[in-house]
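input.tsv follows; it contains TSV, C-alpha atoms.
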```
chain	number	residue	atom	x	y	z
T	7	MET	CA	45.67	17.28	32.92
T	8	ASP	CA	47.21	17.98	29.50
T	9	LYS	CA	47.85	14.25	29.00
T	10	LEU	CA	44.26	13.52	29.97
T	11	ASN	CA	42.97	16.08	27.46
T	12	VAL	CA	45.14	14.63	24.71
T	13	TRP	CA	43.95	11.10	25.54
T	14	TRP	CA	40.32	12.24	25.46
T	15	ARG	CA	40.76	13.98	22.09
T	16	ASN	CA	42.20	10.77	20.66
T	17	HIS	CA	39.69	8.37	22.22
T	18	ARG	CA	36.44	10.29	22.61
T	19	PRO	CA	33.48	8.63	20.90
T	20	THR	CA	32.70	9.89	17.43
T	21	THR	CA	29.30	11.20	16.43
T	22	ARG	CA	28.59	7.94	14.62
T	23	ARG	CA	29.51	5.85	17.64
T	24	LEU	CA	27.21	7.90	19.86
T	25	VAL	CA	24.36	7.51	17.37
T	26	GLN	CA	25.00	3.76	17.27
T	27	LEU	CA	24.86	3.57	21.06
T	28	TYR	CA	21.70	5.68	21.30
T	29	ALA	CA	20.03	3.68	18.52
T	30	ALA	CA	20.88	0.37	20.21
T	31	LEU	CA	19.49	1.67	23.49
T	32	LEU	CA	16.29	2.98	21.91
T	33	GLN	CA	15.67	-0.31	20.12
T	34	ASN	CA	16.31	-2.14	23.40
T	35	ALA	CA	14.75	0.27	25.86
T	36	HIS	CA	12.85	-2.39	27.82
T	37	LEU	CA	15.82	-3.10	30.09
T	38	ARG	CA	13.44	-4.46	32.69
T	39	GLY	CA	13.20	-7.53	30.47
T	40	PHE	CA	16.68	-8.58	31.53
T	41	VAL	CA	15.70	-8.22	35.19
T	42	GLU	CA	12.49	-10.22	34.75
T	43	GLY	CA	13.80	-12.66	32.17
T	44	GLU	CA	10.78	-12.10	29.92
T	45	ILE	CA	10.17	-10.73	26.43
T	46	TYR	CA	8.33	-7.43	26.04
T	47	THR	CA	5.04	-8.05	24.21
T	48	GLY	CA	3.48	-4.58	24.30
T	49	PRO	CA	1.91	-2.69	21.38
T	50	ALA	CA	5.28	-1.34	20.18
T	51	LYS	CA	6.24	-4.87	19.14
T	52	ALA	CA	3.86	-4.52	16.20
T	53	VAL	CA	6.26	-1.96	14.67
T	54	CYS	CA	9.55	-2.90	13.03
T	55	VAL	CA	12.82	-1.23	13.98
T	56	PRO	CA	15.18	-0.51	11.06
T	57	GLY	CA	18.19	-2.60	12.15
T	58	LEU	CA	18.77	-6.28	12.85
T	59	ASN	CA	17.54	-6.61	16.42
T	60	CYS	CA	15.94	-9.87	17.56
T	61	TYR	CA	12.27	-9.83	18.55
T	62	SER	CA	13.10	-12.28	21.34
T	63	CYS	CA	15.68	-10.08	23.02
T	64	PRO	CA	14.32	-9.37	26.53
T	65	ALA	CA	14.93	-5.64	26.05
T	66	ALA	CA	13.65	-5.31	22.46
T	67	VAL	CA	10.73	-2.89	22.07
T	68	GLY	CA	10.11	-3.52	18.37
T	69	ALA	CA	10.13	-6.31	15.82
T	70	CYS	CA	13.07	-7.23	13.59
T	71	PRO	CA	12.22	-6.38	9.96
T	72	LEU	CA	13.95	-9.52	8.69
T	73	GLY	CA	12.07	-11.81	11.04
T	74	ALA	CA	8.80	-10.04	10.30
T	75	LEU	CA	9.38	-10.39	6.55
T	76	GLN	CA	10.00	-14.13	6.85
T	77	ASN	CA	6.92	-14.59	9.00
T	78	ALA	CA	4.84	-12.61	6.52
T	79	ILE	CA	6.08	-14.72	3.60
T	80	ALA	CA	5.70	-17.98	5.50
T	81	SER	CA	2.26	-17.36	6.97
T	82	ARG	CA	0.71	-15.37	4.12
T	83	ALA	CA	2.22	-16.94	1.04
T	84	ASN	CA	-1.11	-16.65	-0.79
T	85	ARG	CA	-1.15	-12.85	-0.73
T	86	PRO	CA	1.45	-10.05	-0.66
T	87	ALA	CA	2.74	-8.94	2.72
T	88	PHE	CA	1.85	-5.31	2.09
T	89	TYR	CA	2.80	-4.07	5.55
T	90	MET	CA	6.32	-5.50	5.48
T	91	VAL	CA	6.92	-4.46	1.89
T	92	GLY	CA	5.83	-0.93	2.82
T	93	MET	CA	8.10	-0.79	5.88
T	94	LEU	CA	11.13	-2.07	3.98
T	95	LEU	CA	10.45	0.36	1.13
T	96	LEU	CA	10.25	3.20	3.65
T	97	PHE	CA	13.52	2.23	5.34
T	98	GLY	CA	15.25	1.48	2.05
T	99	LEU	CA	14.20	4.61	0.15
T	100	THR	CA	14.99	7.00	3.01
T	101	LEU	CA	18.00	5.42	4.76
T	102	GLY	CA	19.25	2.45	2.77
T	103	ARG	CA	22.50	1.07	4.20
T	104	VAL	CA	22.88	4.12	6.41
T	105	ILE	CA	20.94	1.83	8.75
T	106	CYS	CA	23.83	-0.67	8.71
T	107	GLY	CA	26.45	1.95	9.50
T	108	TRP	CA	24.56	4.08	12.02
T	109	LEU	CA	21.49	2.34	13.48
T	110	CYS	CA	21.99	-1.43	13.56
T	111	PRO	CA	22.81	-2.87	17.00
T	112	MET	CA	24.46	-5.91	15.40
T	113	GLY	CA	26.74	-3.56	13.46
T	114	LEU	CA	27.80	-1.88	16.69
T	115	ILE	CA	28.54	-5.25	18.32
T	116	GLN	CA	30.72	-6.27	15.37
T	117	GLU	CA	32.71	-3.04	15.45
T	118	LEU	CA	33.36	-3.37	19.18
T	119	LEU	CA	34.49	-6.97	18.71
T	120	HIS	CA	36.89	-5.85	15.99
T	121	LYS	CA	38.53	-3.44	18.44
T	122	ILE	CA	39.95	-6.40	20.40
T	123	PRO	CA	43.71	-6.18	19.74
T	124	THR	CA	44.56	-9.06	17.39
T	125	PRO	CA	46.05	-9.38	13.89
T	126	LYS	CA	43.40	-8.29	11.37
T	127	LEU	CA	42.55	-9.80	8.01
T	128	GLN	CA	42.41	-7.06	5.39
T	129	LYS	CA	39.95	-7.00	2.52
T	130	SER	CA	40.96	-8.74	-0.69
T	131	ARG	CA	39.49	-10.35	-3.79
T	132	VAL	CA	38.41	-13.26	-1.60
T	133	THR	CA	36.38	-11.05	0.76
T	134	ARG	CA	34.90	-9.22	-2.22
T	135	VAL	CA	33.63	-12.52	-3.64
T	136	LEU	CA	32.30	-13.57	-0.22
T	137	THR	CA	30.11	-10.46	-0.08
T	138	TRP	CA	27.78	-12.11	-2.61
T	139	LEU	CA	27.04	-14.90	-0.11
T	140	LYS	CA	24.56	-12.71	1.77
T	141	TYR	CA	22.50	-12.30	-1.39
T	142	VAL	CA	22.31	-16.08	-1.75
T	143	ILE	CA	21.26	-16.33	1.91
T	144	LEU	CA	18.62	-13.63	1.31
T	145	ALA	CA	17.16	-15.51	-1.64
T	146	VAL	CA	17.26	-19.00	-0.11
T	147	PHE	CA	16.64	-18.55	3.62
T	148	VAL	CA	14.52	-15.39	3.67
T	149	VAL	CA	12.41	-15.87	0.55
T	150	ILE	CA	12.48	-19.33	-1.05
T	151	ILE	CA	12.33	-21.63	2.00
T	152	PRO	CA	9.68	-19.57	3.89
T	153	LEU	CA	7.63	-19.28	0.70
T	154	TRP	CA	7.92	-23.00	-0.09
T	155	TYR	CA	6.74	-24.06	3.36
T	156	GLY	CA	4.26	-21.19	3.51
T	157	LEU	CA	2.47	-22.55	0.46
T	158	GLN	CA	2.06	-25.77	2.44
T	159	LYS	CA	0.76	-23.73	5.40
T	160	ILE	CA	3.85	-24.53	7.48
T	161	PRO	CA	5.48	-21.31	8.78
T	162	VAL	CA	9.28	-21.64	8.65
T	163	PRO	CA	11.27	-18.39	9.14
T	164	ALA	CA	14.39	-20.17	7.89
T	165	PHE	CA	17.10	-17.56	8.51
T	166	CYS	CA	15.92	-16.92	12.07
T	167	LYS	CA	15.44	-20.61	12.75
T	168	TYR	CA	18.64	-22.02	11.27
T	169	ILE	CA	21.27	-19.27	11.08
T	170	CYS	CA	20.77	-15.88	12.72
T	171	PRO	CA	23.56	-15.29	15.28
T	172	ALA	CA	21.89	-12.06	16.38
T	173	GLY	CA	18.84	-14.04	17.45
T	174	THR	CA	20.97	-16.56	19.31
T	175	LEU	CA	22.95	-13.84	21.10
T	176	GLU	CA	20.20	-11.35	21.87
T	177	GLY	CA	17.28	-13.72	22.18
T	178	ALA	CA	18.36	-17.17	23.33
T	179	VAL	CA	21.41	-16.20	25.37
T	180	GLY	CA	19.63	-13.13	26.72
T	181	LEU	CA	16.75	-15.23	28.02
T	182	LEU	CA	18.72	-18.28	29.15
T	183	SER	CA	21.11	-16.15	31.18
T	184	HIS	CA	18.26	-15.35	33.59
T	185	PRO	CA	17.84	-17.81	36.52
T	186	ALA	CA	14.07	-17.83	36.06
T	187	ASN	CA	14.54	-19.56	32.69
T	188	ALA	CA	16.89	-22.29	33.94
T	189	ASP	CA	14.21	-24.94	33.27
T	190	LYS	CA	14.32	-24.12	29.55
T	191	PHE	CA	17.78	-25.66	29.14
T	192	SER	CA	16.13	-29.08	29.06
T	193	MET	CA	14.20	-28.00	25.95
T	194	LEU	CA	17.32	-27.24	23.92
T	195	GLY	CA	18.27	-29.64	21.15
T	196	ILE	CA	20.60	-30.07	18.22
T	197	LEU	CA	19.13	-27.02	16.43
T	198	PHE	CA	20.17	-24.69	19.25
T	199	THR	CA	23.59	-26.35	19.46
T	200	ARG	CA	24.22	-25.70	15.77
T	201	LYS	CA	23.01	-22.12	16.02
T	202	PHE	CA	25.22	-21.56	19.04
T	203	GLU	CA	28.18	-22.91	17.06
T	204	ILE	CA	27.34	-20.43	14.28
T	205	LEU	CA	27.26	-17.63	16.87
T	206	VAL	CA	30.67	-18.59	18.29
T	207	PHE	CA	32.11	-18.79	14.77
T	208	ALA	CA	30.61	-15.41	13.79
T	209	VAL	CA	31.88	-13.70	16.95
T	210	THR	CA	35.37	-15.15	16.45
T	211	VAL	CA	35.56	-14.12	12.79
T	212	CYS	CA	34.33	-10.59	13.59
T	213	ILE	CA	37.32	-10.13	15.91
T	214	PHE	CA	39.70	-10.66	12.99
T	215	VAL	CA	37.59	-9.40	10.06
T	216	TYR	CA	35.86	-6.01	10.10
T	217	ARG	CA	32.06	-6.48	10.25
T	218	ALA	CA	32.30	-10.01	8.87
T	219	PHE	CA	28.64	-10.87	9.56
T	220	CYS	CA	27.50	-7.63	7.92
T	221	ARG	CA	29.70	-8.12	4.86
T	222	PHE	CA	29.21	-11.82	4.18
T	223	ILE	CA	26.05	-13.11	5.86
T	224	CYS	CA	23.45	-10.49	6.80
T	225	PRO	CA	20.49	-10.65	4.39
T	226	LEU	CA	19.01	-7.43	5.78
T	227	GLY	CA	22.10	-5.53	4.63
T	228	ALA	CA	21.77	-7.25	1.25
T	229	LEU	CA	18.17	-6.10	1.05
T	230	TYR	CA	19.03	-2.50	1.89
T	231	GLY	CA	21.86	-2.68	-0.65
T	232	PHE	CA	19.29	-2.76	-3.45
T	233	PHE	CA	18.42	0.85	-2.55
T	234	ALA	CA	22.03	2.09	-2.75
T	235	ARG	CA	21.50	4.30	-5.83
T	236	ILE	CA	18.15	5.77	-4.82
T	237	ALA	CA	18.18	6.12	-1.01
T	238	LEU	CA	17.62	9.68	0.20
T	239	LEU	CA	20.43	9.72	2.78
T	240	GLY	CA	24.01	8.69	2.18
T	241	VAL	CA	27.59	9.54	1.32
T	242	ARG	CA	27.95	11.06	-2.13
T	243	VAL	CA	30.88	12.05	-4.35
T	244	ASP	CA	31.02	15.33	-6.24
T	245	ALA	CA	32.26	14.13	-9.63
T	246	THR	CA	33.45	17.61	-10.56
T	247	LYS	CA	35.96	17.57	-7.68
T	248	CYS	CA	36.97	13.88	-7.69
T	249	SER	CA	40.42	13.16	-9.13
T	250	SER	CA	39.90	9.37	-9.10
T	251	CYS	CA	42.90	8.85	-6.82
T	252	GLY	CA	41.21	5.82	-5.22
T	253	LEU	CA	42.29	6.72	-1.68
T	254	CYS	CA	38.72	6.44	-0.40
T	255	LEU	CA	38.41	2.88	-1.72
T	256	ARG	CA	41.81	1.75	-0.46
T	257	THR	CA	41.20	2.98	3.07
T	258	CYS	CA	37.58	1.79	3.33
T	259	PRO	CA	37.33	-1.44	5.37
T	260	MET	CA	34.21	-2.52	3.46
T	261	ASP	CA	34.34	-4.21	0.06
T	262	VAL	CA	33.14	-1.19	-1.87
T	263	ARG	CA	33.74	-0.74	-5.58
T	264	PHE	CA	32.86	2.95	-5.39
T	265	VAL	CA	31.69	5.28	-2.63
T	266	GLY	CA	27.98	4.79	-1.98
T	267	ASP	CA	27.61	1.41	-3.71
T	268	HIS	CA	25.62	-1.55	-2.35
T	269	GLU	CA	28.43	-2.54	0.04
T	270	CYS	CA	28.90	0.98	1.44
T	271	ILE	CA	27.50	1.45	4.97
T	272	HIS	CA	27.87	5.25	4.73
T	273	CYS	CA	30.02	5.55	7.84
T	274	GLY	CA	31.53	8.70	6.35
T	275	SER	CA	35.12	7.94	7.32
T	276	CYS	CA	36.22	8.46	3.71
T	277	MET	CA	35.28	12.16	3.84
T	278	GLY	CA	38.26	13.12	5.96
T	279	LYS	CA	40.61	11.10	3.76
T	280	CYS	CA	39.62	12.64	0.42
T	281	PRO	CA	42.36	15.10	-0.63
T	282	GLU	CA	39.95	16.86	-3.02
T	283	LYS	CA	37.17	17.26	-0.40
T	284	ALA	CA	34.81	15.71	-2.92
T	285	ILE	CA	32.82	13.52	-0.52
T	286	SER	CA	29.93	14.66	1.66
T	287	PHE	CA	26.98	13.22	3.54
T	288	ARG	CA	23.76	14.31	1.91
T	289	ALA	CA	20.00	14.11	2.11
T	290	GLY	CA	19.16	14.42	-1.56
T	291	LYS	CA	20.89	17.63	-2.64
T	292	ILE	CA	21.18	18.99	0.91
T	293	VAL	CA	24.65	18.64	2.44
T	294	LEU	CA	24.33	17.42	6.03
T	295	LYS	CA	28.03	16.96	6.69
T	296	GLY	CA	30.74	18.29	4.44
T	297	PRO	CA	34.44	17.59	3.98
T	298	GLU	CA	35.45	19.92	6.83
T	299	THR	CA	34.79	16.98	9.17
T	300	ASP	CA	35.69	13.36	8.68
T	301	GLY	CA	32.05	12.18	8.67
T	302	ALA	CA	32.35	10.82	12.19
T	303	GLY	CA	32.15	14.08	14.08
T	304	ARG	CA	35.88	14.89	14.21
T	305	THR	CA	37.79	17.60	12.46
T	306	PRO	CA	40.84	16.38	10.50
T	307	ALA	CA	44.19	16.91	12.21
T	308	HIS	CA	45.36	19.63	9.82
T	309	LYS	CA	42.21	21.65	10.62
T	310	GLN	CA	42.54	21.50	14.38
T	311	LYS	CA	44.42	23.99	16.46
T	312	GLY	CA	47.64	22.38	17.60
T	313	GLY	CA	47.43	19.77	14.86
T	314	CYS	CA	46.24	16.91	17.11
T	315	SER	CA	43.19	14.67	16.62
```
The structure given in the file should be rewritten as structure tokens.
Amino acid sequence: MDKLNVWWRNHRPTTRRLVQLYAALLQNAHLRGFVEGEIYTGPAKAVCVPGLNCYSCPAAVGACPLGALQNAIASRANRPAFYMVGMLLLFGLTLGRVICGWLCPMGLIQELLHKIPTPKLQKSRVTRVLTWLKYVILAVFVVIIPLWYGLQKIPVPAFCKYICPAGTLEGAVGLLSHPANADKFSMLGILFTRKFEILVFAVTVCIFVYRAFCRFICPLGALYGFFARIALLGVRVDATKCSSCGLCLRTCPMDVRFVGDHECIHCGSCMGKCPEKAISFRAGKIVLKGPETDGAGRTPAHKQKGGCS
């Protein structure tokens, strides 16, 4: 029994992992869709969820904000997409990239893939440079191409159509895995083949590189990154306590330049590593989680009775 208790203390899900699981389930609550092999099309689909979660997933109960933004740009290029701009402003100003670290189903999938025991590629100058790729993808595939074709009255949600591995995994694979949709295989062409190849590549890379899709490709994360300095929720550093030791940056698996920057997903793991207890999770000036926990729902080893974590 003692060994079981020790194992559970070392392997029990963190608060963040539980939130990720609950968020993924809430955004994909129409589980009956997998049984029926059909997409939910009820009134909730008119509302966007905060994370990257494909509209075409059989279980999805809401729309993907990235897909909705592309559709708005492509189909309404002659006037601003006020609804989508408002939703993204709401998500960005309140949560920012907290969405990436806590609420995005694709983020959870990547983290679980990375747990597969293999040699891991650590962050470096190369990965830091690659983080700018998602901003190029945001500009080209989410804005420029949809806008260009939208002006010609041809709706082309380019990122969803040509790249998005989340759409291929959750939408296409989710639907095609059902026997009732077996006849749809004959409709697949070179476009699906290329997208499936992108999915296989992304899944493989995520096994060896922590959140590779999130760090290098995801334009939704790039979009939320613009709100890094002004978002209400997030991990913050108390400058009066910080000794600039750099331990938080060295141990962070993301390509951050400082805690809370545009690459930070606010997972909070740096809080338990800060020797000065200078990092906390805040909503504005209100401290939601302080340095007494590691930001993931666990108390650091030196604070626990018996010294075990």
Set the distance at 12 Å and use only C-alpha atoms: which residues neighbour Gly113 of chain T once local chain neighbours fewer than 2 positions away are removed? I'd like the list as a PDB file with C-alpha atoms, in the coordinates of the input.
```pdb
ATOM      1  CA  ARG T  22      28.590   7.940  14.620  1.00  0.00           C
ATOM      2  CA  ARG T  23      29.510   5.850  17.640  1.00  0.00           C
ATOM      3  CA  VAL T  25      24.360   7.510  17.370  1.00  0.00           C
ATOM      4  CA  GLN T  26      25.000   3.760  17.270  1.00  0.00           C
ATOM      5  CA  LEU T  27      24.860   3.570  21.060  1.00  0.00           C
ATOM      6  CA  ALA T  29      20.030   3.680  18.520  1.00  0.00           C
ATOM      7  CA  ALA T  30      20.880   0.370  20.210  1.00  0.00           C
ATOM      8  CA  GLY T  57      18.190  -2.600  12.150  1.00  0.00           C
ATOM      9  CA  LEU T  58      18.770  -6.280  12.850  1.00  0.00           C
ATOM     10  CA  ASN T  59      17.540  -6.610  16.420  1.00  0.00           C
ATOM     11  CA  ARG T 103      22.500   1.070   4.200  1.00  0.00           C
ATOM     12  CA  VAL T 104      22.880   4.120   6.410  1.00  0.00           C
ATOM     13  CA  ILE T 105      20.940   1.830   8.750  1.00  0.00           C
ATOM     14  CA  CYS T 106      23.830  -0.670   8.710  1.00  0.00           C
ATOM     15  CA  GLY T 107      26.450   1.950   9.500  1.00  0.00           C
ATOM     16  CA  TRP T 108      24.560   4.080  12.020  1.00  0.00           C
ATOM     17  CA  LEU T 109      21.490   2.340  13.480  1.00  0.00           C
ATOM     18  CA  CYS T 110      21.990  -1.430  13.560  1.00  0.00           C
ATOM     19  CA  PRO T 111      22.810  -2.870  17.000  1.00  0.00           C
ATOM     20  CA  ILE T 115      28.540  -5.250  18.320  1.00  0.00           C
ATOM     21  CA  GLN T 116      30.720  -6.270  15.370  1.00  0.00           C
ATOM     22  CA  GLU T 117      32.710  -3.040  15.450  1.00  0.00           C
ATOM     23  CA  LEU T 118      33.360  -3.370  19.180  1.00  0.00           C
ATOM     24  CA  LEU T 119      34.490  -6.970  18.710  1.00  0.00           C
ATOM     25  CA  HIS T 120      36.890  -5.850  15.990  1.00  0.00           C
ATOM     26  CA  ALA T 172      21.890 -12.060  16.380  1.00  0.00           C
ATOM     27  CA  VAL T 209      31.880 -13.700  16.950  1.00  0.00           C
ATOM     28  CA  CYS T 212      34.330 -10.590  13.590  1.00  0.00           C
ATOM     29  CA  TYR T 216      35.860  -6.010  10.100  1.00  0.00           C
ATOM     30  CA  ARG T 217      32.060  -6.480  10.250  1.00  0.00           C
ATOM     31  CA  ALA T 218      32.300 -10.010   8.870  1.00  0.00           C
ATOM     32  CA  PHE T 219      28.640 -10.870   9.560  1.00  0.00           C
ATOM     33  CA  CYS T 220      27.500  -7.630   7.920  1.00  0.00           C
ATOM     34  CA  ARG T 221      29.700  -8.120   4.860  1.00  0.00           C
ATOM     35  CA  CYS T 224      23.450 -10.490   6.800  1.00  0.00           C
ATOM     36  CA  LEU T 226      19.010  -7.430   5.780  1.00  0.00           C
ATOM     37  CA  GLY T 227      22.100  -5.530   4.630  1.00  0.00           C
ATOM     38  CA  ILE T 271      27.500   1.450   4.970  1.00  0.00           C
ATOM     39  CA  CYS T 273      30.020   5.550   7.840  1.00  0.00           C
TER      40      CYS T 273
END
```
Residues near Ala234 of chain T, anyone? I mean within 12 Å using all atoms listed in the file, not counting same-chain ones fewer than 6 positions away, as a PDB file with C-alpha atoms, in the frame of the given file.
```
ATOM      1  CA  PHE T  97      13.520   2.230   5.340  1.00  0.00           C
ATOM      2  CA  GLY T  98      15.250   1.480   2.050  1.00  0.00           C
ATOM      3  CA  LEU T  99      14.200   4.610   0.150  1.00  0.00           C
ATOM      4  CA  THR T 100      14.990   7.000   3.010  1.00  0.00           C
ATOM      5  CA  LEU T 101      18.000   5.420   4.760  1.00  0.00           C
ATOM      6  CA  GLY T 102      19.250   2.450   2.770  1.00  0.00           C
ATOM      7  CA  ARG T 103      22.500   1.070   4.200  1.00  0.00           C
ATOM      8  CA  VAL T 104      22.880   4.120   6.410  1.00  0.00           C
ATOM      9  CA  ILE T 105      20.940   1.830   8.750  1.00  0.00           C
ATOM     10  CA  CYS T 106      23.830  -0.670   8.710  1.00  0.00           C
ATOM     11  CA  GLY T 227      22.100  -5.530   4.630  1.00  0.00           C
ATOM     12  CA  ALA T 228      21.770  -7.250   1.250  1.00  0.00           C
ATOM     13  CA  GLY T 240      24.010   8.690   2.180  1.00  0.00           C
ATOM     14  CA  VAL T 241      27.590   9.540   1.320  1.00  0.00           C
ATOM     15  CA  ARG T 242      27.950  11.060  -2.130  1.00  0.00           C
ATOM     16  CA  VAL T 262      33.140  -1.190  -1.870  1.00  0.00           C
ATOM     17  CA  PHE T 264      32.860   2.950  -5.390  1.00  0.00           C
ATOM     18  CA  VAL T 265      31.690   5.280  -2.630  1.00  0.00           C
ATOM     19  CA  GLY T 266      27.980   4.790  -1.980  1.00  0.00           C
ATOM     20  CA  ASP T 267      27.610   1.410  -3.710  1.00  0.00           C
ATOM     21  CA  HIS T 268      25.620  -1.550  -2.350  1.00  0.00           C
ATOM     22  CA  GLU T 269      28.430  -2.540   0.040  1.00  0.00           C
ATOM     23  CA  CYS T 270      28.900   0.980   1.440  1.00  0.00           C
ATOM     24  CA  ILE T 271      27.500   1.450   4.970  1.00  0.00           C
ATOM     25  CA  HIS T 272      27.870   5.250   4.730  1.00  0.00           C
TER      26      HIS T 272
END
```
Which of T:Gly48, T:Gly180, T:Pro281, T:Pro19 sits closest to Cys60 of chain T [using only C-alpha atoms] = T:Gly180
So, counting all atoms listed in the file, which residue among T:Leu114, T:Gly92, T:Gln76, T:Cys54 is closest to Leu24 of chain T?
->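 The closest residue to Leu24 of chain T is T:Leu114.
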Hey, which of T:Lys121, T:His184, T:Lys159, T:Lys167 ends up closest to Val41 of chain T? Count all atoms listed in the file.
-> T:His184
Need to verify the contact set: Ala245 of chain T, 12 Å, only C-alpha atoms, exclusion of same-chain residues closer than 3 positions in sequence. Can you return it as a CSV table (one decimal) with C-alpha atoms, keeping the file's coordinate frame?
```csv
chain,number,residue,atom,x,y,z
T,242,ARG,CA,28.0,11.1,-2.1
T,248,CYS,CA,37.0,13.9,-7.7
T,249,SER,CA,40.4,13.2,-9.1
T,250,SER,CA,39.9,9.4,-9.1
T,264,PHE,CA,32.9,3.0,-5.4
T,265,VAL,CA,31.7,5.3,-2.6
T,282,GLU,CA,40.0,16.9,-3.0
T,283,LYS,CA,37.2,17.3,-0.4
T,284,ALA,CA,34.8,15.7,-2.9
T,285,ILE,CA,32.8,13.5,-0.5
T,286,SER,CA,29.9,14.7,1.7
```
Tell me which of T:Ala178, T:Val142, T:Ala50, T:Val55 sits closest to Leu96 of chain T, counting all atoms listed in the file.
->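 Among the listed residues, T:Val55 lies closest to Leu96 of chain T.
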Between T:Ala164, T:Glu176, T:Arg263, T:Leu94, which has the minimum distance to Phe232 of chain T (counting all atoms listed in the file)?
->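 Residue with the minimum atom-to-atom distance to Phe232 of chain T: T:Leu94.
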Out of T:Cys63, T:Ala145, T:Val135, T:Ala80, which residue has the shortest atom-to-atom distance to Val179 of chain T when counting only C-alpha atoms?
->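 For Val179 of chain T, the nearest of the candidates is T:Cys63.
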Computed interatomic separation between atom CA of Phe198 of chain T and atom CA of Leu157 of chain T (Å) |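 So the answer is 25.9 Å.
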Atomic distance atom CA of Ala69 of chain T - atom CA of Arg200 of chain T, expressed in Å with one decimal = 24.0 Å
Determine, counting only C-alpha atoms, every residue of protein, DNA or RNA that lies within 12 Å of (18.2, 17.3, -0.9) in the file coordinates, then give the result as a list in words.
->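 The requested residues, written out, are Thr100, Ala237, Leu238, Leu239, Gly240, Arg242, Phe287, Arg288, Ala289, Gly290, Lys291, Ile292, Val293 and Leu294 of chain T.
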Please, could N, CA and C atoms be added to segment 256-268 of chain T and the result written as a PDB file, in the frame of the given file?
```
ATOM      1  N   ARG T 256      40.714   2.502  -1.089  1.00  0.00           N
ATOM      2  CA  ARG T 256      41.810   1.750  -0.460  1.00  0.00           C
ATOM      3  C   ARG T 256      41.728   1.770   1.050  1.00  0.00           C
ATOM      4  N   THR T 257      41.251   2.862   1.607  1.00  0.00           N
ATOM      5  CA  THR T 257      41.200   2.980   3.070  1.00  0.00           C
ATOM      6  C   THR T 257      39.884   2.488   3.658  1.00  0.00           C
ATOM      7  N   CYS T 258      38.866   2.270   2.831  1.00  0.00           N
ATOM      8  CA  CYS T 258      37.580   1.790   3.330  1.00  0.00           C
ATOM      9  C   CYS T 258      37.685   0.323   3.727  1.00  0.00           C
ATOM     10  N   PRO T 259      37.244  -0.038   4.940  1.00  0.00           N
ATOM     11  CA  PRO T 259      37.330  -1.440   5.370  1.00  0.00           C
ATOM     12  C   PRO T 259      36.261  -2.335   4.746  1.00  0.00           C
ATOM     13  N   MET T 260      35.246  -1.746   4.133  1.00  0.00           N
ATOM     14  CA  MET T 260      34.210  -2.520   3.460  1.00  0.00           C
ATOM     15  C   MET T 260      34.652  -2.835   2.035  1.00  0.00           C
ATOM     16  N   ASP T 261      33.952  -3.776   1.405  1.00  0.00           N
ATOM     17  CA  ASP T 261      34.340  -4.210   0.060  1.00  0.00           C
ATOM     18  C   ASP T 261      33.649  -3.384  -1.016  1.00  0.00           C
ATOM     19  N   VAL T 262      33.811  -2.078  -0.931  1.00  0.00           N
ATOM     20  CA  VAL T 262      33.140  -1.190  -1.870  1.00  0.00           C
ATOM     21  C   VAL T 262      33.894  -1.135  -3.201  1.00  0.00           C
ATOM     22  N   ARG T 263      33.149  -0.950  -4.256  1.00  0.00           N
ATOM     23  CA  ARG T 263      33.740  -0.740  -5.580  1.00  0.00           C
ATOM     24  C   ARG T 263      33.757   0.741  -5.929  1.00  0.00           C
ATOM     25  N   PHE T 264      32.839   1.489  -5.308  1.00  0.00           N
ATOM     26  CA  PHE T 264      32.860   2.950  -5.390  1.00  0.00           C
ATOM     27  C   PHE T 264      32.084   3.465  -4.180  1.00  0.00           C
ATOM     28  N   VAL T 265      32.329   4.695  -3.805  1.00  0.00           N
ATOM     29  CA  VAL T 265      31.690   5.280  -2.630  1.00  0.00           C
ATOM     30  C   VAL T 265      30.171   5.334  -2.837  1.00  0.00           C
ATOM     31  N   GLY T 266      29.437   4.771  -1.897  1.00  0.00           N
ATOM     32  CA  GLY T 266      27.980   4.790  -1.980  1.00  0.00           C
ATOM     33  C   GLY T 266      27.380   3.603  -2.701  1.00  0.00           C
ATOM     34  N   ASP T 267      28.172   2.562  -3.005  1.00  0.00           N
ATOM     35  CA  ASP T 267      27.610   1.410  -3.710  1.00  0.00           C
ATOM     36  C   ASP T 267      26.875   0.494  -2.723  1.00  0.00           C
ATOM     37  N   HIS T 268      26.458  -0.686  -3.175  1.00  0.00           N
ATOM     38  CA  HIS T 268      25.620  -1.550  -2.350  1.00  0.00           C
ATOM     39  C   HIS T 268      26.341  -2.137  -1.150  1.00  0.00           C
TER      40      HIS T 268
END
```
